[in-house]
2 protein chains.
Amino acid sequence: MKPQILVVEDEDALATLLQYNLEKEGYTVAVARDGEDALMQAEEATPDLVLVDWMLPKVSGIEVCRRLRGRQETANVPIIMLTARGEETDRVRGLDTGADDYIVKPFSMTELFARIRAVLRRIRPGLAEDVIEAGDITMDRVAHRVRRADREIHLGPTEFRLLDYLMQHPGRVFSREQLLDAVWGSDVYVEARTVDVHVGRLRKALNNKEERDPIRTVRSAGYAFDVNA
Amino acid sequence: MKPQILVVEDEDALATLLQYNLEKEGYTVAVARDGEDALMQAEEATPDLVLVDWMLPKVSGIEVCRRLRGRQETANVPIIMLTARGEETDRVRGLDTGADDYIVKPFSMTELFARIRAVLRRIRPGLAEDVIEAGDITMDRVAHRVRRADREIHLGPTEFRLLDYLMQHPGRVFSREQLLDAVWGSDVYVEARTVDVHVGRLRKALNNKEERDPIRTVRSAGYAFDVNA
DNA sequence: CAGTCAGGCTACGGTTTTGTGACAGCACCC
DNA sequence: GGGTGCTGTCACAAAACCGTAGCCTGACTG
């Protein structure tokens with residue numbers, strides 16, 4: 001699943017530039033124009049990372065940081081701060097902003113990408129990884145390949161995304177609704193039972209006879225991917 | 001052309017060990033004993049990758065990072081950080097960025113090699129080799145020739161560049177848009193489906209009957225060149 | 001033990017995505 | 001002016017994939 005980034009930037013040109021480049025780099029991007037907007041959006045769909053400008057109308061970048069940190073669901077979301085040269089490091093550093101990193105404008109996209117990768121990897125290992133392994137199952141997200149015990153597994157796009165998501169959060173149980181949101185997208189409407197069918201297809205593709213089924217059904221709750229041997 | 005690595009490490013024993021092993025692995029290695037030295041050396045001969053210890057006399061590893069990033073010529077050079085276990089805490093976290101990857105001491109050479117390969121592959125795929133081989137396909141970028149199993153393959157300019165790009169990043173899946181950007185140029189406007197047509201032509205030229213098709217279609221994602229036999 | 005319910009499974013019509021042959025527009029070269 | 005080699009687009013056919021309904025089984029309830 002593509003990491004989702006919330007960009008909080010009031011300057012149109014920069015916001016657009018960031019969105020364009022980040023999407024090209026493979027992230028899903030949402031843009032908020034001011035602090036209030038940012039907090040609302042973060043509440044609706046928790047992003048994997050927030051990129052916030054230090055200077056913002058209404059609610060300052062710092063304040064956005066604080067509030068995000070203060071809320072249960074967003075407390076652990078990594079934050080990268082954008083600062084202009086004059087707003088300088090010491091002050092930013094000294095304040096306990098709760099930001100995980102900051103970058104000084106003007107910056108190169110390459111540098112920004114590097115930092116994003118670094119932060120994501122540190123906070124949520126696995127999210128930024130190219131390859132996920134669990135037991136004898138390997139998923140290569142760059143090559144778009146899944147293999148189990150040396151044999152290649154062919155999956156359709158949806159099955160691929162589904163497995164990706166489940167492996168991303170091993171052991172955790174997801175309701176059908178959560179899976180629909182995460183894998184299908186929060187905007188499409190499909191029958192909840194459709195998830196069952198895809199889980200079924202996934203299982204058939206994944207499991208040889210005599211192999212342990214890595215997908216656990218939790219009655220009246222949902223499904224989970226189990227790491228275990 | 002062997003990739004050139006600049007090792008920045010003040011501890012003699014480790015520096016020597018790294019140099020020895022990296023050279024054995026096929027890299028050209030330069031060693032700097034402190035941050036100043038590193039910046040100087042990086043300026044003289046831009047390395048393909050920098051391996052820098054977090055703890056350094058005079059100029060800290062972080063500072064080396066920042067300065068490298070700040071300079072035009074070295075802004076895009078990938079950096080891998082060496083950190084000791086204790087240093088990996090909050091203070092470091094807030095600052096440590098700008099590096100593309102980090103590795104915690106003590107580490108195994110195998111692990112280090114893997115990360116170096118990964119970073120190099122990501123940042124600078126196929127350091128401009130003159131000849132690329134994959135399976136029974138050979139591409140000579142200087143002579144502009146492609147052959148498969150002893151027979152000469154004739155390709156049009158676009159097909160050539162397309163194959164070139166794909167072979168440059170074996171296994172990796174590219175969307176039609178990415179391929180258009182990379183092969184056609186980010187400024188021209190052509191239909192995304194045009195990629196399909198060229199892939200088709202490329203396949204027809206490349207594959208005899210009974211030969212494995214090296215180009216893999218990934219439904220709703222794009223195409224990839226697979227090395228495999 | 002009968003009733004109820006959640007989840008497994010299959011079949012199928014419909015939709016989306018990809019493969020491909022045909023064609024017209026160019027540039028270049030006799 | 002008539003070839004020749006490439007290219008981008010289109011239209012159509014084939015293939016792959018999707019979502020839903022319906023039936024079935026096995027588990028839980030009282």
# chains A, B, ... in the order shown; residues from 1 in each chain; ligands from 1
$ residues_around --residues "DA6 (chain C)" --least-positions-apart "3" --cutoff "10 Å" --atoms "only C-alpha atoms (C1' of nucleotides)" --output "number ranges by chain"
A: 219-221; D: 26-28
$ select_by_dssp --residues "region 18-92 of chain A" --states "strand (DSSP E or B)" --output "ChimeraX atom specification"
/A:28-32,49-53,79-84
$ interface_residues --of "chain A" --to "chain C" --cutoff "10 Å" --atoms "only C-alpha atoms (C1' of nucleotides)" --output "list in words"
Arg193, Asp196, Val197, Val199, Gly200, Arg201, Thr217, Val218, Arg219, Ser220 and Ala221 of chain A
$ interface_residues --of "chain D" --to "chain A" --cutoff "8 Å" --atoms "only C-alpha atoms (C1' of nucleotides)" --output "list in words"
DC17, DG19 and DT20 of chain D
$ interface_residues --of "chain A" --to "chain B" --cutoff "6 Å" --atoms "only C-alpha atoms" --output "list in words"
Asp100, Asp101, Ala114, Arg115, Val142 and Ala143 of chain A
$ atom_distance --atom1 "CA of Ile5 (chain A)" --atom2 "CA of Val183 (chain B)"
28.1 Å
$ residues_around --residues "region 58-62 of chain A" --least-positions-apart "2" --cutoff "12 Å" --atoms "only C-alpha atoms (C1' of nucleotides)" --output "NGL selection string"
:A and (7-10 or 32-39 or 50-56 or 64-69 or 79-83 or 91-93 or 95-99 or 102)
$ select_by_dssp --residues "region 15-207 of chain B" --states "alpha helix (DSSP H)" --output "MDAnalysis selection string"
chainID B and resid 15:24 35:44 61:70 90:95 109:123 157:168 176:179 193:206
